[in-house]
>>> print(open('run.txt').read())   # compact mmCIF, C-alpha atoms
# COMPACT_ATOMS: atom_id res chain seq x y z
CA MET A 1 -42.79 6.25 22.76
CA THR A 2 -44.59 4.47 25.59
CA LYS A 3 -47.99 2.86 25.20
CA GLU A 4 -49.48 5.50 27.50
CA GLU A 5 -48.09 8.30 25.32
CA LEU A 6 -49.52 6.63 22.23
CA ILE A 7 -52.93 6.21 23.84
CA SER A 8 -52.92 9.85 24.87
CA LYS A 9 -52.06 10.95 21.30
CA LEU A 10 -54.74 8.67 19.87
CA ARG A 11 -57.25 10.10 22.31
CA THR A 12 -56.62 13.58 20.91
CA ILE A 13 -56.78 12.31 17.32
CA VAL A 14 -60.12 10.50 17.63
CA ALA A 15 -61.82 13.18 19.76
CA PRO A 16 -63.39 15.19 16.88
CA TYR A 17 -65.02 12.09 15.39
CA VAL A 18 -66.36 10.44 18.56
CA GLN A 19 -70.14 10.07 18.85
CA ASN A 20 -70.26 8.25 22.16
CA GLN A 21 -68.80 10.51 24.85
CA GLU A 22 -69.19 7.97 27.64
CA ALA A 23 -67.08 5.42 25.78
CA PHE A 24 -64.58 8.19 25.02
CA GLU A 25 -64.21 9.02 28.69
CA ASN A 26 -63.49 5.36 29.39
CA LEU A 27 -61.11 5.00 26.47
CA SER A 28 -58.61 2.17 26.91
CA GLU A 29 -56.51 -0.17 24.82
CA GLU A 30 -59.59 -2.33 24.24
CA THR A 31 -61.70 0.50 22.82
CA ASP A 32 -63.16 -0.16 19.37
CA PHE A 33 -63.54 2.87 17.11
CA ILE A 34 -66.86 1.87 15.56
CA ASN A 35 -68.54 -0.28 18.22
CA ASP A 36 -67.56 1.78 21.26
CA LEU A 37 -66.76 5.31 20.11
CA GLU A 38 -69.37 5.10 17.33
CA ILE A 39 -67.07 6.82 14.89
CA ASN A 40 -68.71 6.98 11.48
CA SER A 41 -66.97 4.56 9.12
CA ALA A 42 -66.22 7.34 6.62
CA ASN A 43 -64.44 9.24 9.42
CA LEU A 44 -62.07 6.32 10.04
CA VAL A 45 -60.16 7.59 7.01
CA ASP A 46 -59.69 10.87 8.84
CA VAL A 47 -58.38 9.05 11.90
CA ILE A 48 -55.90 7.21 9.67
CA LEU A 49 -54.79 10.39 7.89
CA ASP A 50 -54.41 12.16 11.25
CA VAL A 51 -52.28 9.28 12.56
CA GLU A 52 -50.09 9.52 9.45
CA ASP A 53 -49.62 13.27 9.99
CA GLU A 54 -49.03 13.05 13.72
CA PHE A 55 -46.41 10.29 13.55
CA ASP A 56 -45.08 11.01 10.08
CA ILE A 57 -45.67 7.43 8.94
CA GLU A 58 -47.53 5.85 6.06
CA ILE A 59 -50.44 3.53 6.77
CA ASP A 60 -50.70 1.13 3.84
CA ASN A 61 -53.84 -0.83 2.91
CA ASP A 62 -52.83 -3.90 4.93
CA ALA A 63 -52.33 -1.82 8.07
CA MET A 64 -55.45 0.26 7.47
CA GLU A 65 -57.56 -2.88 7.25
CA LYS A 66 -56.76 -3.65 10.91
CA MET A 67 -57.02 -0.16 12.37
CA LEU A 68 -60.34 -0.60 14.12
CA THR A 69 -59.24 -0.45 17.74
CA ILE A 70 -56.85 1.51 19.94
CA LYS A 71 -54.83 -1.67 20.48
CA ALA A 72 -54.43 -2.41 16.76
CA SER A 73 -53.54 1.23 16.10
CA ILE A 74 -50.81 1.17 18.74
CA GLU A 75 -49.31 -1.97 17.22
CA ILE A 76 -49.35 -0.47 13.74
CA ILE A 77 -47.87 2.84 14.84
CA GLN A 78 -45.09 1.09 16.79
CA GLU A 79 -44.36 -1.15 13.82
CA LYS A 80 -44.20 1.77 11.38
CA LEU A 81 -42.09 3.89 13.73
CA ALA A 82 -39.63 1.04 14.14
CA ILE A 83 -38.91 0.83 10.42
CA LYS A 84 -38.64 4.59 9.95
CA MET B 1 -77.16 -12.43 -0.19
CA ILE B 2 -77.91 -8.82 0.44
CA GLY B 3 -76.51 -5.66 1.93
CA ASN B 4 -77.66 -2.07 2.03
CA ASP B 5 -76.32 1.30 3.06
CA ILE B 6 -77.72 4.78 3.48
CA VAL B 7 -75.86 8.10 3.47
CA ASP B 8 -77.48 11.26 4.79
CA LEU B 9 -76.03 13.77 2.33
CA HIS B 10 -76.46 16.77 4.61
CA LEU B 11 -74.67 15.08 7.48
CA ALA B 12 -71.98 13.68 5.16
CA SER B 13 -71.22 17.19 3.90
CA VAL B 14 -70.43 18.40 7.42
CA GLN B 15 -68.99 15.15 8.78
CA SER B 16 -66.43 14.49 6.04
CA ASN B 17 -64.19 16.61 3.91
CA TRP B 18 -63.41 14.30 1.00
CA GLN B 19 -61.24 16.97 -0.57
CA ARG B 20 -58.78 16.59 2.25
CA ARG B 21 -55.36 15.53 0.96
CA GLY B 22 -55.08 11.75 0.78
CA TRP B 23 -58.75 11.07 1.59
CA LEU B 24 -59.88 9.79 -1.81
CA GLN B 25 -56.67 7.80 -2.31
CA LYS B 26 -57.25 5.82 0.90
CA ILE B 27 -60.72 4.66 -0.17
CA PHE B 28 -61.02 4.67 -3.93
CA THR B 29 -59.19 3.00 -6.77
CA GLU B 30 -57.62 5.20 -9.43
CA SER B 31 -60.52 4.71 -11.82
CA GLU B 32 -63.03 5.51 -9.07
CA GLN B 33 -61.09 8.69 -8.26
CA GLN B 34 -61.27 9.56 -11.94
CA LEU B 35 -65.06 9.06 -11.93
CA ILE B 36 -65.35 11.40 -8.96
CA LEU B 37 -63.17 14.11 -10.44
CA GLU B 38 -65.02 14.00 -13.77
CA ALA B 39 -68.51 13.82 -12.27
CA LYS B 40 -70.99 16.68 -12.68
CA ASN B 41 -71.71 16.34 -9.00
CA PRO B 42 -68.53 15.03 -7.35
CA ASP B 43 -70.10 14.99 -3.86
CA ASN B 44 -72.83 12.63 -4.98
CA MET B 45 -70.31 10.44 -6.78
CA VAL B 46 -68.15 10.16 -3.65
CA TRP B 47 -71.10 9.06 -1.53
CA LYS B 48 -72.61 6.83 -4.18
CA LEU B 49 -69.35 4.90 -4.58
CA TRP B 50 -68.89 4.86 -0.81
CA SER B 51 -72.37 3.42 -0.21
CA MET B 52 -71.78 0.85 -2.98
CA LYS B 53 -68.67 -0.29 -1.10
CA GLU B 54 -70.47 -0.36 2.25
CA ALA B 55 -73.50 -2.25 0.91
CA THR B 56 -71.25 -4.75 -0.87
CA TYR B 57 -69.12 -5.22 2.25
CA LYS B 58 -72.27 -6.22 4.13
CA ALA B 59 -73.45 -8.63 1.42
CA HIS B 60 -69.96 -10.13 1.15
CA GLN B 61 -69.59 -10.51 4.91
CA ARG B 62 -72.90 -12.38 4.98
CA CYS B 63 -71.67 -14.77 2.28
CA PHE B 64 -68.26 -15.29 3.86
CA PRO B 65 -68.41 -14.30 7.54
CA PHE B 66 -65.17 -12.53 8.49
CA PRO B 67 -64.20 -10.31 11.42
CA PRO B 68 -64.68 -6.58 10.79
CA LYS B 69 -62.08 -5.06 8.46
CA TYR B 70 -61.52 -1.60 7.08
CA ASN B 71 -60.69 -2.32 3.49
CA PRO B 72 -62.82 -0.10 1.23
CA LYS B 73 -60.28 -0.40 -1.59
CA ASP B 74 -60.92 -4.16 -1.88
CA PHE B 75 -64.46 -3.40 -3.06
CA ILE B 76 -64.03 -2.33 -6.63
CA SER B 77 -66.74 -0.76 -8.76
CA SER B 78 -67.09 -1.72 -12.37
CA VAL B 79 -69.45 -1.03 -15.28
CA ASP B 80 -73.19 -0.87 -14.62
CA ASP B 81 -72.56 -0.48 -10.89
CA THR B 82 -71.39 -4.05 -10.44
CA MET B 83 -68.87 -4.55 -7.67
CA PHE B 84 -65.96 -6.96 -7.48
CA VAL B 85 -64.43 -8.35 -4.31
CA GLY B 86 -61.60 -10.50 -5.60
CA SER B 87 -63.39 -12.78 -8.04
CA HIS B 88 -66.81 -12.35 -6.42
CA LEU B 89 -69.34 -10.20 -8.17
CA TYR B 90 -72.23 -8.25 -6.65
CA LYS B 91 -74.85 -6.18 -8.37
CA THR B 92 -75.80 -2.88 -6.82
CA SER B 93 -78.52 -0.35 -7.35
CA SER B 94 -78.51 3.12 -5.88
CA LYS B 95 -81.17 5.72 -5.39
CA ILE B 96 -79.99 9.30 -5.21
CA THR B 97 -82.19 12.10 -3.91
CA LYS B 98 -81.19 15.56 -2.78
CA ASP B 99 -81.23 14.31 0.83
CA TYR B 100 -79.79 10.82 0.74
CA ILE B 101 -78.14 8.06 -1.26
CA HIS B 102 -79.32 4.52 -0.69
CA THR B 103 -77.56 1.50 -2.19
CA MET B 104 -78.55 -2.15 -2.24
CA ALA B 105 -76.10 -4.92 -3.11
CA TYR B 106 -77.06 -8.48 -3.95
CA THR B 107 -75.46 -11.62 -5.32
CA SER B 108 -78.22 -12.44 -7.79
CA HIS B 109 -81.79 -11.48 -8.41
CA CYS B 110 -83.14 -12.60 -5.09
CA ASN B 111 -86.44 -11.56 -3.59
CA TYR B 112 -86.04 -8.78 -1.13
CA LYS B 113 -87.92 -6.04 0.55
CA PHE B 114 -86.41 -2.72 1.50
CA MET B 115 -87.55 0.43 3.18
CA ILE B 116 -86.07 3.85 3.75
CA SER B 117 -87.41 5.90 6.62
CA LYS B 118 -86.80 9.22 8.24
CA ASN B 119 -85.91 8.93 11.91
CA ASP B 120 -87.91 10.70 14.54
CA SER B 121 -86.66 11.44 17.99
CA TYR B 122 -89.37 9.42 19.74
CA THR B 123 -88.85 5.91 18.46
CA SER B 124 -85.86 3.69 17.82
CA THR B 125 -84.39 3.77 14.31
CA LYS B 126 -85.05 0.01 14.22
CA GLU B 127 -88.82 0.45 14.71
CA PRO B 128 -89.80 0.37 10.97
CA LEU B 129 -87.78 -2.82 10.55
CA LYS B 130 -89.45 -4.48 13.54
CA LYS B 131 -92.86 -3.40 12.29
CA TYR B 132 -92.20 -4.90 8.88
CA ILE B 133 -91.00 -8.23 10.34
CA SER B 134 -94.01 -8.27 12.62
CA LEU B 135 -96.45 -7.83 9.71
CA HIS B 136 -94.67 -10.12 7.27
CA TYR B 137 -94.04 -13.01 9.66
CA LYS B 138 -97.11 -12.36 11.84
CA ILE B 139 -95.19 -12.04 15.09
CA PRO B 140 -95.87 -9.42 17.75
CA THR B 141 -93.21 -6.66 17.76
CA SER B 142 -92.61 -7.27 21.46
CA CYS B 143 -91.13 -10.69 20.57
CA ILE B 144 -88.69 -9.23 18.02
CA GLU B 145 -85.18 -8.14 18.83
CA ILE B 146 -82.49 -6.98 16.42
CA ILE B 147 -79.02 -8.01 17.49
CA LYS B 148 -75.52 -8.11 16.03
CA ASP B 149 -73.09 -11.00 16.32
CA THR B 150 -69.41 -10.62 17.15
CA TYR B 151 -68.66 -9.83 13.50
CA ARG B 152 -71.31 -7.07 13.63
CA ILE B 153 -73.62 -9.01 11.31
CA PRO B 154 -77.25 -8.29 12.23
CA PHE B 155 -79.73 -11.00 13.13
CA VAL B 156 -83.36 -11.08 14.17
CA LYS B 157 -84.18 -12.76 17.45
CA ILE B 158 -87.74 -13.99 17.83
CA ASP B 159 -88.78 -14.97 21.35
CA GLY B 160 -85.10 -14.99 22.29
CA LYS B 161 -84.10 -17.38 19.48
CA ILE B 162 -81.99 -16.37 16.50
CA SER B 163 -84.13 -16.65 13.35
CA LYS B 164 -82.97 -17.42 9.80
CA ILE B 165 -84.12 -14.03 8.51
CA LYS B 166 -81.32 -12.40 6.53
CA LEU B 167 -81.30 -8.68 6.89
CA SER B 168 -79.16 -5.65 6.43
CA TYR B 169 -79.67 -2.47 8.37
CA SER B 170 -78.22 1.01 8.00
CA SER B 171 -78.67 4.35 9.71
CA HIS B 172 -76.98 7.69 9.11
CA GLY B 173 -78.09 11.11 10.26
CA VAL B 174 -81.86 11.42 9.92
CA PHE B 175 -82.28 8.36 7.69
CA SER B 176 -82.53 4.62 8.29
CA SER B 177 -82.96 1.81 5.84
CA PHE B 178 -83.27 -1.93 5.86
CA MET B 179 -83.27 -4.74 3.38
CA ILE B 180 -84.62 -8.23 4.02
CA HIS B 181 -83.90 -11.31 1.93
CA LEU B 182 -87.27 -13.04 1.53
>>> encode(input="run.txt", output="structure tokens")
Amino acid sequence: MTKEELISKLRTIVAPYVQNQEAFENLSEETDFINDLEINSANLVDVILDVEDEFDIEIDNDAMEKMLTIKASIEIIQEKLAIK
Amino acid sequence: MIGNDIVDLHLASVQSNWQRRGWLQKIFTESEQQLILEAKNPDNMVWKLWSMKEATYKAHQRCFPFPPKYNPKDFISSVDDTMFVGSHLYKTSSKITKDYIHTMAYTSHCNYKFMISKNDSYTSTKEPLKKYISLHYKIPTSCIEIIKDTYRIPFVKIDGKISKIKLSYSSHGVFSSFMIHL
């Protein structure tokens, strides 16, 4: 899966939890879930569970710890897909 | 060191579905999950434990500055609402009302001041905090600015200079709270 495809899938996943629409419209690799999209920290769990469902992977604690940005999420998803 | 967190219970009930498959397991240890499932009011237990983790994260990050992490499972609740982060211990105290849960975490019995306020749509949620700093330190509110560093740790700027005031700030839904280490 290309980076662009991953970003597009992540965009759909985070959409329901976004509280800053302007940042969402400008979503890029550098976007931070909490600082930019203003996703509530309790909703980050939902993002992680949605990523697990969408890609059929398991996000362990070590990976979850880093999943605060689009960039980190892409790296984790690619890593998990590679070992599937 | 201090940290505090507020949860608007009405907003939390629409924002999060903690009964979703896998949700509790991602955040809570097995014994915390047990506490939730056995609680008379599981919703309140979820948000109390959550705010204990959040408040402790803030206190811990102030003690040992680290870049933001999403590791709620590393903050482990124990008897009498103490929290462990590795070998570090924090005390917490929570206030539960029908509208919100507020938790304060601290390393030892330090002097602190806290305030919980209901937001209005006319002023910034940081206004009560600025007002308190202004009264306590006798500084005009116009000279006070609340900023966050790159680790998202809040600081108070007075006349453009970062002060030594240690504070923790939280806002969720219609509630805001702050805690200041005096």
>>> residues_around(input="run.txt", residues="Ala15 of chain A", least_positions_apart="4", cutoff="10 Å", atoms="all atoms listed in the file", output="MDAnalysis selection string")
chainID A and resid 10:11 19 21 24 37 39 47
>>> residues_around(input="run.txt", residues="Asp5 of chain B", least_positions_apart="3", cutoff="7 Å", atoms="all atoms listed in the file", output="mmCIF file with C-alpha atoms, in the coordinates of the input")
data_model
loop_
_atom_site.group_PDB
_atom_site.id
_atom_site.type_symbol
_atom_site.label_atom_id
_atom_site.label_comp_id
_atom_site.auth_asym_id
_atom_site.auth_seq_id
_atom_site.Cartn_x
_atom_site.Cartn_y
_atom_site.Cartn_z
ATOM 1 C CA SER B 51 -72.370 3.420 -0.210
ATOM 2 C CA GLU B 54 -70.470 -0.360 2.250
ATOM 3 C CA ALA B 55 -73.500 -2.250 0.910
ATOM 4 C CA HIS B 102 -79.320 4.520 -0.690
ATOM 5 C CA THR B 103 -77.560 1.500 -2.190
ATOM 6 C CA MET B 104 -78.550 -2.150 -2.240
ATOM 7 C CA SER B 170 -78.220 1.010 8.000
#
>>> closest_atom_pairs(input="run.txt", of="chain B", to="chain A", cutoff="6 Å", atoms="all atoms listed in the file", output="tab-separated table")
residue	atom	partner	partner_atom	distance
B:Lys69	CA	A:Glu65	CA	5.2
B:Tyr70	CA	A:Glu65	CA	4.2
B:Asn71	CA	A:Glu65	CA	4.9
>>> closest_residue(input="run.txt", among="A:Ile57, A:Ile13, A:Ile70, A:Leu6", to="Phe33 of chain A", atoms="all atoms listed in the file")
A:Ile70
>>> residues_around(input="run.txt", residues="segment 124-141 of chain B", least_positions_apart="4", cutoff="10 Å", atoms="all atoms listed in the file", output="ChimeraX atom specification")
/B:113-120,145-146,156,158-159,165,167-172,174-180,182
>>> residues_around(input="run.txt", residues="segment 8-18 of chain B", least_positions_apart="5", cutoff="6 Å", atoms="all atoms listed in the file", output="PyMOL selection string")
chain B and resi 23+99-100+172-173
>>> closest_residue(input="run.txt", among="A:Asp50, A:Glu75, A:Ile83, A:Glu25", to="Arg21 of chain B", atoms="only C-alpha atoms")
A:Asp50
>>> build_atoms(input="run.txt", residues="segment 76-91 of chain B", atoms="N, CA and C atoms", output="PDB file, in the coordinates of the input")
ATOM      1  N   ILE B  76     -64.371  -3.091  -5.433  1.00  0.00           N
ATOM      2  CA  ILE B  76     -64.030  -2.330  -6.630  1.00  0.00           C
ATOM      3  C   ILE B  76     -65.230  -2.198  -7.554  1.00  0.00           C
ATOM      4  N   SER B  77     -65.578  -0.959  -7.892  1.00  0.00           N
ATOM      5  CA  SER B  77     -66.740  -0.760  -8.760  1.00  0.00           C
ATOM      6  C   SER B  77     -66.345  -0.967 -10.210  1.00  0.00           C
ATOM      7  N   SER B  78     -67.335  -1.464 -10.959  1.00  0.00           N
ATOM      8  CA  SER B  78     -67.090  -1.720 -12.370  1.00  0.00           C
ATOM      9  C   SER B  78     -68.277  -1.197 -13.169  1.00  0.00           C
ATOM     10  N   VAL B  79     -68.360  -1.555 -14.441  1.00  0.00           N
ATOM     11  CA  VAL B  79     -69.450  -1.030 -15.280  1.00  0.00           C
ATOM     12  C   VAL B  79     -70.816  -1.446 -14.742  1.00  0.00           C
ATOM     13  N   ASP B  80     -71.801  -0.640 -15.025  1.00  0.00           N
ATOM     14  CA  ASP B  80     -73.190  -0.870 -14.620  1.00  0.00           C
ATOM     15  C   ASP B  80     -73.338  -1.078 -13.104  1.00  0.00           C
ATOM     16  N   ASP B  81     -72.484  -0.411 -12.350  1.00  0.00           N
ATOM     17  CA  ASP B  81     -72.560  -0.480 -10.890  1.00  0.00           C
ATOM     18  C   ASP B  81     -72.396  -1.881 -10.317  1.00  0.00           C
ATOM     19  N   THR B  82     -71.731  -2.767 -11.043  1.00  0.00           N
ATOM     20  CA  THR B  82     -71.390  -4.050 -10.440  1.00  0.00           C
ATOM     21  C   THR B  82     -70.154  -3.819  -9.566  1.00  0.00           C
ATOM     22  N   MET B  83     -70.006  -4.681  -8.575  1.00  0.00           N
ATOM     23  CA  MET B  83     -68.870  -4.550  -7.670  1.00  0.00           C
ATOM     24  C   MET B  83     -68.106  -5.869  -7.652  1.00  0.00           C
ATOM     25  N   PHE B  84     -66.800  -5.765  -7.598  1.00  0.00           N
ATOM     26  CA  PHE B  84     -65.960  -6.960  -7.480  1.00  0.00           C
ATOM     27  C   PHE B  84     -65.253  -6.962  -6.133  1.00  0.00           C
ATOM     28  N   VAL B  85     -65.240  -8.138  -5.510  1.00  0.00           N
ATOM     29  CA  VAL B  85     -64.430  -8.350  -4.310  1.00  0.00           C
ATOM     30  C   VAL B  85     -63.608  -9.572  -4.667  1.00  0.00           C
ATOM     31  N   GLY B  86     -62.364  -9.384  -5.038  1.00  0.00           N
ATOM     32  CA  GLY B  86     -61.600 -10.500  -5.600  1.00  0.00           C
ATOM     33  C   GLY B  86     -62.343 -10.965  -6.834  1.00  0.00           C
ATOM     34  N   SER B  87     -62.689 -12.268  -6.861  1.00  0.00           N
ATOM     35  CA  SER B  87     -63.390 -12.780  -8.040  1.00  0.00           C
ATOM     36  C   SER B  87     -64.901 -12.817  -7.833  1.00  0.00           C
ATOM     37  N   HIS B  88     -65.361 -12.337  -6.686  1.00  0.00           N
ATOM     38  CA  HIS B  88     -66.810 -12.350  -6.420  1.00  0.00           C
ATOM     39  C   HIS B  88     -67.476 -11.095  -6.947  1.00  0.00           C
ATOM     40  N   LEU B  89     -68.627 -11.328  -7.563  1.00  0.00           N
ATOM     41  CA  LEU B  89     -69.340 -10.200  -8.170  1.00  0.00           C
ATOM     42  C   LEU B  89     -70.661  -9.930  -7.446  1.00  0.00           C
ATOM     43  N   TYR B  90     -70.953  -8.672  -7.251  1.00  0.00           N
ATOM     44  CA  TYR B  90     -72.230  -8.250  -6.650  1.00  0.00           C
ATOM     45  C   TYR B  90     -72.844  -7.184  -7.546  1.00  0.00           C
ATOM     46  N   LYS B  91     -74.163  -7.250  -7.666  1.00  0.00           N
ATOM     47  CA  LYS B  91     -74.850  -6.180  -8.370  1.00  0.00           C
ATOM     48  C   LYS B  91     -75.281  -5.153  -7.346  1.00  0.00           C
TER      49      LYS B  91
END
